[in-house]
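input_34.cif follows; it contains mmCIF, C-alpha atoms.
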data_start
#
loop_
_atom_site.label_atom_id
_atom_site.label_comp_id
_atom_site.auth_asym_id
_atom_site.auth_seq_id
_atom_site.Cartn_x
_atom_site.Cartn_y
_atom_site.Cartn_z
CA MET A 1 -0.52 5.66 -1.89
CA ARG A 2 -1.42 4.91 1.72
CA GLN A 3 -4.95 4.12 0.63
CA ARG A 4 -3.75 1.59 -1.93
CA VAL A 5 -1.27 -0.09 0.44
CA PHE A 6 -3.76 -0.35 3.30
CA GLY A 7 -6.42 -1.56 0.87
CA MET A 8 -4.15 -4.35 -0.31
CA MET A 9 -3.38 -5.25 3.30
CA LEU A 10 -7.13 -5.62 3.84
CA GLY A 11 -7.38 -7.94 0.83
CA ASP A 12 -8.62 -5.36 -1.69
CA GLU A 13 -6.30 -6.39 -4.51
CA ASP A 14 -8.40 -4.96 -7.34
CA LEU A 15 -9.01 -1.27 -7.82
CA ASN A 16 -12.77 -1.83 -8.08
CA ASP A 17 -12.66 -2.93 -4.43
CA HIS A 18 -12.03 0.72 -3.55
CA ALA A 19 -15.42 1.79 -4.91
CA ASP A 20 -16.98 1.48 -1.47
CA GLY A 21 -13.76 1.40 0.53
CA CYS A 22 -13.11 5.09 -0.07
CA HIS A 23 -15.87 5.80 2.47
CA TYR A 24 -14.65 3.42 5.23
CA LEU A 25 -13.74 5.44 8.32
CA GLY A 26 -11.04 2.98 9.36
CA LEU A 27 -9.30 3.19 5.99
CA GLN A 28 -9.61 6.98 5.98
CA THR A 29 -8.02 7.12 9.43
CA ALA A 30 -5.20 4.75 8.44
CA ALA A 31 -4.53 6.85 5.35
CA GLY A 32 -4.41 10.02 7.45
CA ARG A 33 -7.51 11.61 5.91
CA ASP A 34 -10.76 12.88 7.41
CA ARG A 35 -12.83 12.68 4.21
CA SER A 36 -13.51 10.28 1.35
CA LEU A 37 -10.49 8.72 -0.28
CA ALA A 38 -9.67 8.38 -3.97
CA ARG A 39 -11.93 6.33 -6.23
CA ALA A 40 -10.82 3.56 -8.54
CA PRO A 41 -10.20 5.77 -11.64
CA THR A 42 -7.86 8.05 -9.68
CA LEU A 43 -5.97 5.09 -8.24
CA CYS A 44 -5.70 3.59 -11.72
CA ARG A 45 -4.12 6.77 -13.08
CA PHE A 46 -1.76 6.82 -10.10
CA GLU A 47 -0.63 3.24 -10.70
CA ASN A 48 -0.24 3.71 -14.45
CA ARG A 49 2.18 6.62 -13.92
CA ALA A 50 4.41 4.66 -11.54
CA GLU A 51 7.85 3.72 -12.82
CA ARG A 52 10.16 0.90 -11.79
CA GLY A 53 12.57 3.24 -9.95
CA TRP A 54 9.68 4.67 -7.95
CA ALA A 55 8.47 1.18 -7.04
CA ARG A 56 11.98 0.22 -5.91
CA ALA A 57 12.24 3.33 -3.74
CA VAL A 58 8.90 2.53 -2.08
CA HIS A 59 10.05 -1.07 -1.53
CA ASP A 60 13.27 0.13 0.11
CA VAL A 61 11.35 2.41 2.48
CA LEU A 62 8.92 -0.36 3.47
CA VAL A 63 11.76 -2.82 4.14
CA ALA A 64 13.71 -0.23 6.13
CA ARG A 65 10.67 0.55 8.28
CA PHE A 66 10.05 -3.16 8.85
CA VAL A 67 13.65 -3.76 9.90
CA ALA A 68 13.48 -0.75 12.24
CA THR A 69 10.75 -2.49 14.25
CA PHE A 70 13.31 -4.97 15.62
CA GLU A 71 15.76 -4.27 18.43
CA ALA A 72 18.49 -5.94 16.36
CA PRO A 73 18.11 -6.22 12.57
CA PRO A 74 17.16 -9.73 11.41
CA GLU A 75 19.94 -11.68 9.72
CA GLU A 76 17.64 -12.64 6.86
CA ILE A 77 14.20 -11.70 5.54
CA VAL A 78 12.42 -14.49 3.71
CA PRO A 79 9.35 -13.51 1.64
CA ASN A 80 6.13 -15.40 2.19
CA ARG A 81 5.37 -16.78 -1.26
CA ARG A 82 1.99 -18.08 -2.37
CA ASP A 83 2.56 -21.18 -4.48
#
Same coordinates, now as structure tokens:
Amino acid sequence: MRQRVFGMMLGDEDLNDHADGCHYLGLQTAAGRDRSLARAPTLCRFENRAERGWARAVHDVLVARFVATFEAPPEEIVPNRRD
């Protein structure tokens, strides 16, 4: 999952972008691995098995970690929407 999240942060929105990315040392380090990462077919199977409750739980963890980076929690979090 780390690989997919960091890949999206780098602009790799499509799974085929991970074809070469699985060998990038920076992405391997960010994902906590010291060898090649998953390829697109493995990531596709991973995403297809995800359920809505799982996605919500991941969302809650990411928001909680973001809020924890502040000394005092922000009063409001406004998403950056692409229109």
Go through the shown structure with the PyMOL selection byres ((chain A and resi 20-32) around 10) and write out the matching residues as a PyMOL selection string. chain A and resi 1-7+10+12+15-19+33-40
Atom pair CA of Arg81 (chain A) / CA of Arg52 (chain A): separation (Å):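 Atom-to-atom, CA of Arg81 (chain A) to CA of Arg52 (chain A), that is 21.1 Å.
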Return as AutoDock Vina command-line options the box centre and box size in Å, one decimal, for an axis-aligned box around all listed atoms of region 22-34 of chain A padded by 8 Å per side.
--center_x -10.1 --center_y 7.9 --center_z 4.7 --size_x 27.5 --size_y 25.9 --size_z 25.5
Between CA of Glu13 (chain A) and CA of Gly53 (chain A), what is the distance in Å, rounded to a tenth?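 Interatomic distance here is 21.9 Å.
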